[in-house]
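J.: Handing over query-v1.tsv, TSV, C-alpha atoms.
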```tsv
chain	number	residue	atom	x	y	z
M	451	MET	CA	20.29	7.89	-0.93
M	452	ASP	CA	23.33	6.75	0.94
M	453	TYR	CA	23.02	9.35	3.65
M	454	TYR	CA	20.09	7.51	5.21
M	455	SER	CA	20.08	4.01	6.59
M	456	LYS	CA	18.64	1.30	4.34
M	457	GLN	CA	15.32	1.09	6.17
M	458	ILE	CA	14.74	4.83	6.04
M	459	SER	CA	15.57	4.94	2.32
M	460	LYS	CA	13.22	2.03	1.71
M	461	LEU	CA	10.40	3.76	3.59
M	462	ILE	CA	10.95	7.03	1.72
M	463	GLU	CA	10.92	5.10	-1.55
M	464	GLU	CA	7.65	3.35	-0.66
M	465	PHE	CA	5.98	6.63	0.23
M	466	SER	CA	7.25	8.32	-2.95
M	467	GLY	CA	5.32	5.72	-4.93
M	468	LEU	CA	1.97	6.90	-3.57
M	469	PRO	CA	-0.10	9.43	-5.53
M	470	GLY	CA	0.45	13.11	-4.67
M	471	ILE	CA	3.49	12.40	-2.51
M	472	GLY	CA	6.74	13.86	-3.81
M	473	ALA	CA	10.30	13.31	-2.61
M	474	LYS	CA	10.12	15.96	0.13
M	475	SER	CA	6.76	14.80	1.50
M	476	ALA	CA	7.92	11.19	1.47
M	477	GLN	CA	10.95	12.19	3.52
M	478	ARG	CA	8.82	14.15	5.98
M	479	LEU	CA	6.37	11.25	6.35
M	480	ALA	CA	9.18	8.77	6.91
M	481	PHE	CA	10.73	10.83	9.70
M	482	HIS	CA	7.33	11.45	11.21
M	483	ILE	CA	6.80	7.69	11.40
M	484	LEU	CA	10.19	7.15	13.06
M	485	ASN	CA	9.09	9.61	15.74
M	486	MET	CA	5.65	8.10	16.25
M	487	PRO	CA	4.97	5.77	19.22
M	488	THR	CA	5.38	2.12	18.23
M	489	GLU	CA	1.68	1.27	18.82
M	490	GLN	CA	0.62	4.00	16.41
M	491	VAL	CA	3.06	2.76	13.77
M	492	GLU	CA	1.70	-0.76	14.18
M	493	ALA	CA	-1.86	0.54	13.89
M	494	LEU	CA	-1.02	2.29	10.62
M	495	SER	CA	0.83	-0.69	9.18
M	496	ASN	CA	-2.07	-2.97	10.16
M	497	ALA	CA	-4.76	-0.69	8.79
M	498	ILE	CA	-3.02	-0.83	5.41
M	499	LEU	CA	-2.80	-4.62	5.40
M	500	GLU	CA	-6.26	-5.23	6.81
M	501	ALA	CA	-7.94	-2.89	4.36
M	502	LYS	CA	-6.21	-4.56	1.44
M	503	ARG	CA	-6.96	-8.07	2.75
M	504	ASN	CA	-10.61	-7.65	3.69
M	505	VAL	CA	-12.03	-5.10	1.33
M	506	LYS	CA	-13.71	-6.53	-1.77
M	507	TYR	CA	-16.45	-5.66	-4.21
M	508	CYS	CA	-20.08	-5.82	-3.09
M	509	LYS	CA	-21.66	-8.70	-5.04
M	510	CYS	CA	-24.58	-6.51	-5.95
M	511	CYS	CA	-23.41	-2.92	-6.59
M	512	PHE	CA	-19.62	-3.46	-6.76
M	513	THR	CA	-18.74	-0.78	-4.25
M	514	LEU	CA	-15.76	-1.54	-1.98
M	515	THR	CA	-16.91	-3.18	1.24
M	516	ASP	CA	-15.79	-5.72	3.83
M	517	GLU	CA	-18.98	-7.78	3.54
M	518	ASP	CA	-20.34	-9.90	0.70
M	519	VAL	CA	-23.16	-7.46	0.15
M	520	CYS	CA	-22.67	-3.84	1.21
M	521	PRO	CA	-24.85	-2.17	3.90
M	522	ILE	CA	-26.63	-0.01	1.29
M	523	CYS	CA	-27.68	-2.96	-0.89
M	524	LYS	CA	-28.81	-4.82	2.25
M	525	ASP	CA	-30.84	-1.87	3.56
M	526	SER	CA	-34.54	-2.63	3.08
M	527	THR	CA	-35.53	0.98	3.81
M	528	ARG	CA	-33.79	2.10	0.62
M	529	ASN	CA	-35.49	2.02	-2.73
M	530	GLN	CA	-33.82	-0.86	-4.52
M	531	LYS	CA	-35.65	0.06	-7.73
M	532	VAL	CA	-33.74	3.32	-8.23
M	533	ILE	CA	-30.10	2.76	-9.16
M	534	MET	CA	-27.56	5.58	-9.33
M	535	VAL	CA	-24.59	4.70	-11.54
M	536	VAL	CA	-21.28	6.23	-10.37
M	537	GLU	CA	-17.68	5.88	-11.53
M	538	ASN	CA	-16.15	4.90	-8.20
M	539	THR	CA	-16.69	4.42	-4.48
M	540	ARG	CA	-15.58	7.98	-3.68
M	541	ASP	CA	-18.38	9.31	-5.88
M	542	LEU	CA	-20.82	7.05	-4.06
M	543	ALA	CA	-19.53	8.45	-0.75
M	544	ALA	CA	-19.97	12.00	-2.04
M	545	TYR	CA	-23.68	11.34	-2.70
M	546	GLU	CA	-24.11	9.45	0.57
M	547	LYS	CA	-22.79	12.51	2.42
M	548	THR	CA	-25.76	14.50	1.12
M	549	GLY	CA	-27.95	12.04	3.03
M	550	LYS	CA	-30.80	12.69	0.59
M	551	PHE	CA	-30.55	9.86	-1.92
M	552	GLU	CA	-32.87	7.01	-0.98
M	553	GLY	CA	-32.04	4.62	-3.80
M	554	VAL	CA	-29.08	2.29	-4.30
M	555	TYR	CA	-25.91	2.51	-6.38
M	556	HIS	CA	-23.94	0.76	-9.08
M	557	VAL	CA	-20.20	1.39	-9.13
M	558	LEU	CA	-18.60	1.12	-12.58
M	559	HIS	CA	-14.97	1.35	-11.41
M	560	GLY	CA	-13.97	3.61	-14.25
M	561	ALA	CA	-15.37	5.33	-17.29
M	562	ILE	CA	-15.14	4.58	-21.00
M	563	SER	CA	-12.03	6.27	-22.39
M	564	PRO	CA	-10.82	5.48	-25.90
M	565	MET	CA	-7.74	7.62	-25.13
M	566	LEU	CA	-6.72	5.35	-22.23
M	567	GLY	CA	-7.96	2.22	-23.99
M	568	ILE	CA	-10.77	1.65	-21.50
M	569	GLY	CA	-13.77	0.12	-23.27
M	570	PRO	CA	-17.27	-0.87	-22.10
M	571	ASN	CA	-15.97	-4.31	-21.11
M	572	ASP	CA	-13.37	-2.86	-18.76
M	573	ILE	CA	-15.97	-1.36	-16.42
M	574	LYS	CA	-18.81	-3.03	-14.50
M	575	LEU	CA	-21.38	-2.51	-17.25
M	576	LYS	CA	-22.38	-6.12	-17.94
M	577	GLU	CA	-23.02	-6.39	-14.21
M	578	LEU	CA	-25.33	-3.37	-14.37
M	579	MET	CA	-27.29	-4.86	-17.25
M	580	ILE	CA	-27.76	-8.09	-15.29
M	581	ARG	CA	-29.16	-6.08	-12.36
M	582	LEU	CA	-31.64	-4.42	-14.71
M	583	GLU	CA	-33.26	-7.81	-15.42
M	584	ALA	CA	-34.89	-7.44	-12.00
M	585	ASP	CA	-37.66	-4.88	-11.40
M	586	VAL	CA	-36.03	-1.44	-11.76
M	587	ASP	CA	-37.86	1.90	-12.06
M	588	GLU	CA	-35.05	4.32	-12.85
M	589	VAL	CA	-31.35	4.43	-13.59
M	590	ILE	CA	-29.74	7.77	-12.67
M	591	ILE	CA	-26.41	8.23	-14.43
M	592	ALA	CA	-24.07	10.16	-12.14
M	593	THR	CA	-20.77	9.70	-13.94
M	594	ASN	CA	-18.45	12.71	-13.88
M	595	SER	CA	-19.07	15.71	-16.08
M	596	SER	CA	-15.82	15.00	-17.96
M	597	LEU	CA	-15.36	13.78	-21.52
M	598	GLU	CA	-15.08	10.18	-20.27
M	599	GLY	CA	-18.00	10.57	-17.91
M	600	GLU	CA	-20.22	11.98	-20.64
M	601	THR	CA	-19.19	9.29	-23.13
M	602	THR	CA	-20.00	6.64	-20.55
M	603	ALA	CA	-23.37	8.26	-19.79
M	604	MET	CA	-24.29	8.31	-23.49
M	605	TYR	CA	-23.22	4.70	-23.94
M	606	ILE	CA	-25.19	3.47	-20.93
M	607	SER	CA	-28.33	5.37	-21.89
M	608	LYS	CA	-28.28	3.85	-25.38
M	609	LEU	CA	-27.82	0.41	-23.86
M	610	ILE	CA	-30.69	0.79	-21.40
M	611	LYS	CA	-33.28	2.59	-23.55
M	612	PRO	CA	-34.44	-0.57	-25.42
M	613	THR	CA	-35.36	-2.13	-22.04
M	614	GLY	CA	-37.91	0.64	-21.44
M	615	ILE	CA	-36.41	1.54	-18.05
M	616	LYS	CA	-36.32	5.30	-17.33
M	617	VAL	CA	-32.77	6.69	-17.66
M	618	THR	CA	-31.83	10.10	-16.26
M	619	ARG	CA	-28.62	12.11	-15.99
M	620	ILE	CA	-27.70	14.38	-13.06
M	621	ALA	CA	-27.76	18.10	-13.95
M	622	SER	CA	-24.64	19.88	-15.01
M	623	GLY	CA	-24.25	23.66	-14.45
M	624	VAL	CA	-22.89	26.39	-12.23
M	625	PRO	CA	-21.94	25.00	-8.79
M	626	VAL	CA	-23.83	26.44	-5.81
M	627	GLY	CA	-21.95	29.50	-4.54
M	628	GLY	CA	-20.04	29.66	-7.83
M	629	ASP	CA	-19.25	33.10	-9.23
M	630	LEU	CA	-20.15	33.25	-12.93
M	631	GLU	CA	-17.03	35.29	-13.58
M	632	TYR	CA	-14.81	32.35	-12.71
M	633	ILE	CA	-16.78	29.58	-14.38
M	634	ASP	CA	-15.56	28.16	-17.70
M	635	GLU	CA	-17.60	28.75	-20.85
M	636	VAL	CA	-18.59	25.12	-21.37
M	637	THR	CA	-20.18	25.02	-17.93
M	638	LEU	CA	-21.91	28.36	-18.54
M	639	LEU	CA	-23.41	27.06	-21.80
M	640	ARG	CA	-24.42	23.81	-20.12
M	641	ALA	CA	-26.13	25.78	-17.35
M	642	LEU	CA	-28.00	27.84	-19.97
M	643	GLU	CA	-29.15	24.75	-21.87
M	644	GLY	CA	-30.31	23.12	-18.67
M	645	ARG	CA	-32.26	26.15	-17.41
M	646	THR	CA	-35.52	25.37	-15.63
M	647	GLN	CA	-38.68	27.47	-15.35
M	648	LEU	CA	-39.22	29.35	-12.08
L	620	MET	CA	-17.97	7.87	7.83
L	621	ASP	CA	-20.66	5.26	7.47
L	622	TYR	CA	-20.60	5.25	3.69
L	623	TYR	CA	-17.30	3.34	3.68
L	624	SER	CA	-16.62	-0.06	5.16
L	625	LYS	CA	-14.94	-0.11	8.58
L	626	GLN	CA	-11.51	-1.01	7.22
L	627	ILE	CA	-11.55	1.75	4.62
L	628	SER	CA	-12.64	4.31	7.23
L	629	LYS	CA	-9.90	3.12	9.56
L	630	LEU	CA	-7.28	3.44	6.84
L	631	ILE	CA	-8.47	6.94	5.88
L	632	GLU	CA	-8.34	7.89	9.56
L	633	GLU	CA	-4.79	6.60	9.95
L	634	PHE	CA	-3.60	8.51	6.89
L	635	SER	CA	-5.33	11.70	8.04
L	636	GLY	CA	-3.16	11.60	11.14
L	637	LEU	CA	0.04	12.00	9.12
L	638	PRO	CA	1.56	15.45	8.57
L	639	GLY	CA	0.50	17.30	5.43
L	640	ILE	CA	-2.26	14.81	4.60
L	641	GLY	CA	-5.77	16.22	4.72
L	642	ALA	CA	-9.11	14.42	4.48
L	643	LYS	CA	-9.16	14.36	0.67
L	644	SER	CA	-5.57	13.14	0.29
L	645	ALA	CA	-6.16	10.47	2.93
L	646	GLN	CA	-9.16	9.23	0.97
L	647	ARG	CA	-7.21	9.21	-2.28
L	648	LEU	CA	-4.31	7.33	-0.66
L	649	ALA	CA	-6.66	4.75	0.86
L	650	PHE	CA	-8.32	3.98	-2.47
L	651	HIS	CA	-4.97	3.89	-4.19
L	652	ILE	CA	-3.84	1.23	-1.72
L	653	LEU	CA	-6.98	-0.85	-2.28
L	654	ASN	CA	-6.11	-0.86	-5.97
L	655	MET	CA	-2.44	-1.71	-5.50
L	656	PRO	CA	-1.20	-5.31	-6.01
L	657	THR	CA	-1.08	-7.21	-2.69
L	658	GLU	CA	2.72	-7.60	-2.77
L	659	GLN	CA	3.17	-3.84	-3.05
L	660	VAL	CA	0.81	-3.25	-0.15
L	661	GLU	CA	2.72	-5.76	1.95
L	662	ALA	CA	6.00	-4.06	1.01
L	663	LEU	CA	4.68	-0.69	2.14
L	664	SER	CA	3.25	-2.05	5.37
L	665	ASN	CA	6.53	-3.86	6.09
L	666	ALA	CA	8.73	-0.88	5.27
L	667	ILE	CA	6.82	1.12	7.88
L	668	LEU	CA	7.20	-1.54	10.58
L	669	GLU	CA	10.81	-2.39	9.77
L	670	ALA	CA	11.93	1.23	9.75
L	671	LYS	CA	10.29	1.86	13.11
L	672	ARG	CA	11.68	-1.38	14.59
L	673	ASN	CA	15.26	-1.16	13.39
L	674	VAL	CA	16.11	2.48	13.15
L	675	LYS	CA	17.76	3.93	16.24
L	676	TYR	CA	20.16	6.71	17.19
L	677	CYS	CA	23.84	6.38	16.29
L	678	LYS	CA	25.71	6.01	19.58
L	679	CYS	CA	28.18	8.65	18.50
L	680	CYS	CA	26.40	11.39	16.50
L	681	PHE	CA	22.73	10.52	17.23
L	682	THR	CA	21.62	10.45	13.62
L	683	LEU	CA	18.98	7.87	12.73
L	684	THR	CA	20.59	4.66	11.53
L	685	ASP	CA	20.08	0.89	11.57
L	686	GLU	CA	23.53	0.18	13.01
L	687	ASP	CA	24.99	0.93	16.46
L	688	VAL	CA	27.36	3.45	14.94
L	689	CYS	CA	26.38	5.13	11.67
L	690	PRO	CA	28.46	4.75	8.46
L	691	ILE	CA	29.69	8.37	8.68
L	692	CYS	CA	31.02	8.03	12.24
L	693	LYS	CA	32.66	4.71	11.27
L	694	ASP	CA	34.29	6.17	8.13
L	695	SER	CA	38.04	6.56	8.79
L	696	THR	CA	38.49	8.71	5.67
L	697	ARG	CA	36.38	11.47	7.25
L	698	ASN	CA	37.83	14.04	9.58
L	699	GLN	CA	36.47	13.03	12.98
L	700	LYS	CA	37.90	16.23	14.48
L	701	VAL	CA	35.48	18.52	12.65
L	702	ILE	CA	31.91	18.22	13.90
L	703	MET	CA	28.96	19.86	12.18
L	704	VAL	CA	26.00	20.34	14.53
L	705	VAL	CA	22.59	20.04	12.84
L	706	GLU	CA	19.01	20.04	14.12
L	707	ASN	CA	17.91	16.76	12.56
L	708	THR	CA	18.79	13.90	10.24
L	709	ARG	CA	17.17	15.61	7.25
L	710	ASP	CA	19.58	18.55	7.68
L	711	LEU	CA	22.47	16.09	7.84
L	712	ALA	CA	21.23	14.52	4.60
L	713	ALA	CA	21.02	17.96	2.99
L	714	TYR	CA	24.73	18.57	3.69
L	715	GLU	CA	25.67	15.01	2.69
L	716	LYS	CA	24.01	15.62	-0.68
L	717	THR	CA	26.54	18.40	-1.35
L	718	GLY	CA	29.23	15.69	-1.11
L	719	LYS	CA	31.77	18.33	-0.02
L	720	PHE	CA	31.77	18.11	3.77
L	721	GLU	CA	34.59	15.85	4.97
L	722	GLY	CA	33.92	16.03	8.70
L	723	VAL	CA	31.33	14.29	10.88
L	724	TYR	CA	28.02	15.40	12.37
L	725	HIS	CA	26.17	15.78	15.62
L	726	VAL	CA	22.37	15.65	15.45
L	727	LEU	CA	20.58	17.62	18.17
L	728	HIS	CA	17.07	16.37	17.41
L	729	GLY	CA	15.53	19.78	17.89
L	730	ALA	CA	16.41	23.34	18.72
L	731	ILE	CA	16.01	25.38	21.88
L	732	SER	CA	12.59	27.02	21.85
L	733	PRO	CA	11.28	28.76	24.98
L	734	MET	CA	7.97	29.18	23.10
L	735	LEU	CA	7.53	25.42	22.72
L	736	GLY	CA	9.11	24.70	26.11
L	737	ILE	CA	12.15	23.00	24.58
L	738	GLY	CA	15.21	23.68	26.72
L	739	PRO	CA	18.90	22.72	26.37
L	740	ASN	CA	18.23	19.45	28.19
L	741	ASP	CA	15.61	18.38	25.66
L	742	ILE	CA	18.08	18.19	22.79
L	743	LYS	CA	21.29	16.14	22.44
L	744	LEU	CA	23.56	18.86	23.86
L	745	LYS	CA	25.05	17.02	26.84
L	746	GLU	CA	25.99	14.29	24.36
L	747	LEU	CA	27.79	16.88	22.20
L	748	MET	CA	29.76	18.20	25.18
L	749	ILE	CA	30.86	14.65	26.02
L	750	ARG	CA	32.14	14.22	22.47
L	751	LEU	CA	34.17	17.41	22.80
L	752	GLU	CA	36.22	15.83	25.60
L	753	ALA	CA	38.02	13.94	22.81
L	754	ASP	CA	40.40	15.73	20.43
L	755	VAL	CA	38.22	18.10	18.35
L	756	ASP	CA	39.48	20.91	16.12
L	757	GLU	CA	36.27	22.69	15.14
L	758	VAL	CA	32.55	22.70	15.79
L	759	ILE	CA	30.51	24.09	12.88
L	760	ILE	CA	27.04	25.11	14.00
L	761	ALA	CA	24.60	24.45	11.16
L	762	THR	CA	21.29	24.87	12.95
L	763	ASN	CA	18.54	26.53	10.90
L	764	SER	CA	18.52	30.25	10.29
L	765	SER	CA	15.29	30.56	12.32
L	766	LEU	CA	14.76	32.14	15.74
L	767	GLU	CA	15.13	28.74	17.42
L	768	GLY	CA	18.14	27.81	15.30
L	769	GLU	CA	19.91	31.08	16.10
L	770	THR	CA	19.11	30.80	19.81
L	771	THR	CA	20.53	27.28	19.82
L	772	ALA	CA	23.64	28.41	17.94
L	773	MET	CA	24.27	31.21	20.47
L	774	TYR	CA	23.75	28.86	23.39
L	775	ILE	CA	26.09	26.20	22.02
L	776	SER	CA	28.82	28.69	21.16
L	777	LYS	CA	28.75	30.08	24.72
L	778	LEU	CA	28.93	26.57	26.08
L	779	ILE	CA	31.89	25.56	23.91
L	780	LYS	CA	34.01	28.73	24.01
L	781	PRO	CA	35.51	28.06	27.48
L	782	THR	CA	36.90	24.74	26.14
L	783	GLY	CA	39.03	26.64	23.62
L	784	ILE	CA	37.66	24.63	20.68
L	785	LYS	CA	37.04	26.71	17.53
L	786	VAL	CA	33.31	27.33	16.99
L	787	THR	CA	31.94	28.55	13.65
L	788	ARG	CA	28.49	29.24	12.23
L	789	ILE	CA	27.45	28.59	8.62
L	790	ALA	CA	26.89	31.79	6.63
L	791	SER	CA	23.47	33.29	6.27
L	792	GLY	CA	22.58	35.44	3.25
L	793	VAL	CA	21.00	35.53	-0.18
L	794	PRO	CA	20.51	32.00	-1.57
L	795	VAL	CA	22.41	31.22	-4.76
L	796	GLY	CA	20.25	32.15	-7.74
L	797	GLY	CA	18.06	34.27	-5.44
L	798	ASP	CA	16.68	37.50	-6.87
L	799	LEU	CA	17.22	40.37	-4.39
L	800	GLU	CA	13.80	41.72	-5.26
L	801	TYR	CA	12.11	38.73	-3.66
L	802	ILE	CA	14.33	38.29	-0.61
L	803	ASP	CA	13.09	39.48	2.81
L	804	GLU	CA	14.77	42.42	4.51
L	805	VAL	CA	16.23	40.44	7.38
L	806	THR	CA	18.09	38.20	4.94
L	807	LEU	CA	19.26	41.21	2.92
L	808	LEU	CA	20.68	42.87	6.05
L	809	ARG	CA	22.29	39.60	7.11
L	810	ALA	CA	23.89	39.28	3.68
L	811	LEU	CA	25.21	42.85	3.99
L	812	GLU	CA	26.67	42.25	7.46
L	813	GLY	CA	28.29	39.04	6.28
L	814	ARG	CA	29.87	40.56	3.16
L	815	THR	CA	33.36	39.34	2.29
L	816	GLN	CA	36.16	41.10	0.44
L	817	LEU	CA	36.70	40.16	-3.21
```
Could you write out this file's structure as C-alpha cells?
T.:
Amino acid sequence: MDYYSKQISKLIEEFSGLPGIGAKSAQRLAFHILNMPTEQVEALSNAILEAKRNVKYCKCCFTLTDEDVCPICKDSTRNQKVIMVVENTRDLAAYEKTGKFEGVYHVLHGAISPMLGIGPNDIKLKELMIRLEADVDEVIIATNSSLEGETTAMYISKLIKPTGIKVTRIASGVPVGGDLEYIDEVTLLRALEGRTQL
Amino acid sequence: MDYYSKQISKLIEEFSGLPGIGAKSAQRLAFHILNMPTEQVEALSNAILEAKRNVKYCKCCFTLTDEDVCPICKDSTRNQKVIMVVENTRDLAAYEKTGKFEGVYHVLHGAISPMLGIGPNDIKLKELMIRLEADVDEVIIATNSSLEGETTAMYISKLIKPTGIKVTRIASGVPVGGDLEYIDEVTLLRALEGRTQL
C-alpha cells in the first residue's frame, strides 16, 4: 500500500490482523484514529498495553483477572461448594449477567477437540480435579452445546463420577422466544428428550 | 461490567468507541488481545500511537502523510498541473490503486453539508484556491456522487470558473459489471444523461 504513508499502512496492517476486521474496516478504523483527539488515542493504546500486562489467570478458577484471586472466588457470600465449569471467561460473564448463579466457576480455556488436536491436557482440567479434593457439593458443566463442548462434558463427567461428587449438565433445548419453525432438528430432538413434567 | 476485571472492562469500553464495533465485537477483540503474544500487543499499541503522532497533512495537497510534502506532490514524473479534488485520503487511495492517474490530488477533508453544518470554510477549499494561483491546466472534481459530494462539486466549479481553469467532474453512471436490474433509478437516469457516442 504505497498510497498511504508508512505509519498509516502499518496501522491498517495491525488492525487487519484482528478477528472480524477485514481490509475495509481496518482502513476505516485507522483513519478514525488519525482523527481522534490525541488523549483518546493514548487512552486506547494504553488500555491495550495495560490489559495485556496486568491481566492474568485467577489462581483458583483460572478466569482472567487483574488480581491473584478473582473477586468471585474471594466472595464469601457465594457458595464455594458449587462449581460451574465453563469454556472461557466470556461464558462466565454471560452467566454472571443473569445475576442468579450463586456458586463459583472454573474456566477451562478451551474444549477437547480431536479435530484441532486439543486434548484433556491442553485445558485446565487437572486444575479442576485438584479443586475437587476440597469439599465440593456439585459440579455444573456449562460447556457449549457444540460437538467439542459435549465431548468435554462427557469426559469431565466420567472423570468426576468416581469421586462421588454430583455432576450436572445445563439443559439444552429451544431458546426462550425461539420459533420452532426456525430451530434446527438436533435442537428440537434435544428439547424433546429433555422435556420436563408440568 | 463487574464480571470482568477493570482492565478488561476498560479495553472493551475503548474498543466499543470505535466505528463499526459493537459490544460483542469489542469483547471478542479484547479477549483476542489478551491471548496475543506480548510483542504483537506492543506492536499494535505502538502502531496506534506512532500513526497519531507522526501523521500530518501534506503542506501541498493536504493528504495524510508522515512527511512535510507527500510522495505524490514531490514526484516530478507526475503532472502537477492536473489536480484531482477528493473528499478524503481513502478516496485518493482508491484512485491511486487504479495506477492510471498521472496528475496530483487535493484532499478537502469533507464535503459541504448544510445538514451537518459543514460550510465551504470547514473544508480545505481556500487552500485549493491558493494552489490554483500557480500554473494549473485542469481541476478534476472527484467528490462522491452523494448529495454532499454533488453540492461541493457545484460550489467548487462556480468558484474556479472565473479563473479560466478547466474544471471537469468524474462520470457518474452504472458501475462496471453492474446489472441494470439492481441499479437505482437515479443512477440509471444519470447514466442515460451521460451517454457517449460509440
J.: Find the residue from M:Pro487, M:Pro570, M:Pro521, M:Gly467 that sits nearest to L:Tyr623; use all atoms listed in the file when measuring.
T.: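 So, comparing all the options, the nearest one is M:Pro521.
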J.: Calculate how many Å separate atom CA of L:Phe681 from atom CA of L:Glu706, rounding to one decimal.
T.: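 About the pair atom CA of L:Phe681 and atom CA of L:Glu706: they are 10.7 Å apart.
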J.: Can you list, as a count of residues only, every protein, DNA or RNA residue that comes within 12 Å of M:Thr646 when you count all atoms listed in the file, leaving out same-chain residues fewer than 3 positions away?
T.: 5
J.: May I have the residues of chain L within 6 Å of chain M, counting all atoms listed in the file, written as a list in words?
T.: Tyr622, Ser624, Gln626, Ile627, Leu630, Glu633, Leu653, Leu663, Ser664, Ala666, Ala670, Lys671, Thr684, Asp685 and Ala712 of chain L
J.: Identify, on the basis of only C-alpha atoms, every residue whose closest approach to L:Leu751 does not exceed 9 Å; exclude the query and any residue fewer than 3 positions from it along the same chain; express the result as a ChimeraX atom specification.
T.: /L:746-748,754-755,758,779,782,784
J.: Set the distance at 10 Å and use all atoms listed in the file: which residues neighbour L:Thr771 once local chain neighbours fewer than 5 positions away are removed? I'd like the list as an NGL selection string.
T.: :L and (706 or 727 or 729-732 or 738-739 or 742 or 744 or 760-763 or 765-766 or 776-777)
J.: Check the smallest atom-to-atom distance from each of L:Met734, L:Val688, L:Ala642, L:Met773 to L:Tyr676 using all atoms listed in the file, then report the winner.
T.: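 That would be L:Val688, the residue with the smallest distance to L:Tyr676.
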J.: Listed atoms of stretch 581-590 of chain M, axis-aligned box, 5 Å per side: centre and edge lengths to one decimal in Å, as lines of an AutoDock Vina configuration file?
T.:
```
center_x = -33.5
center_y = 0.0
center_z = -13.4
size_x = 18.7
size_y = 25.6
size_z = 14.0
```
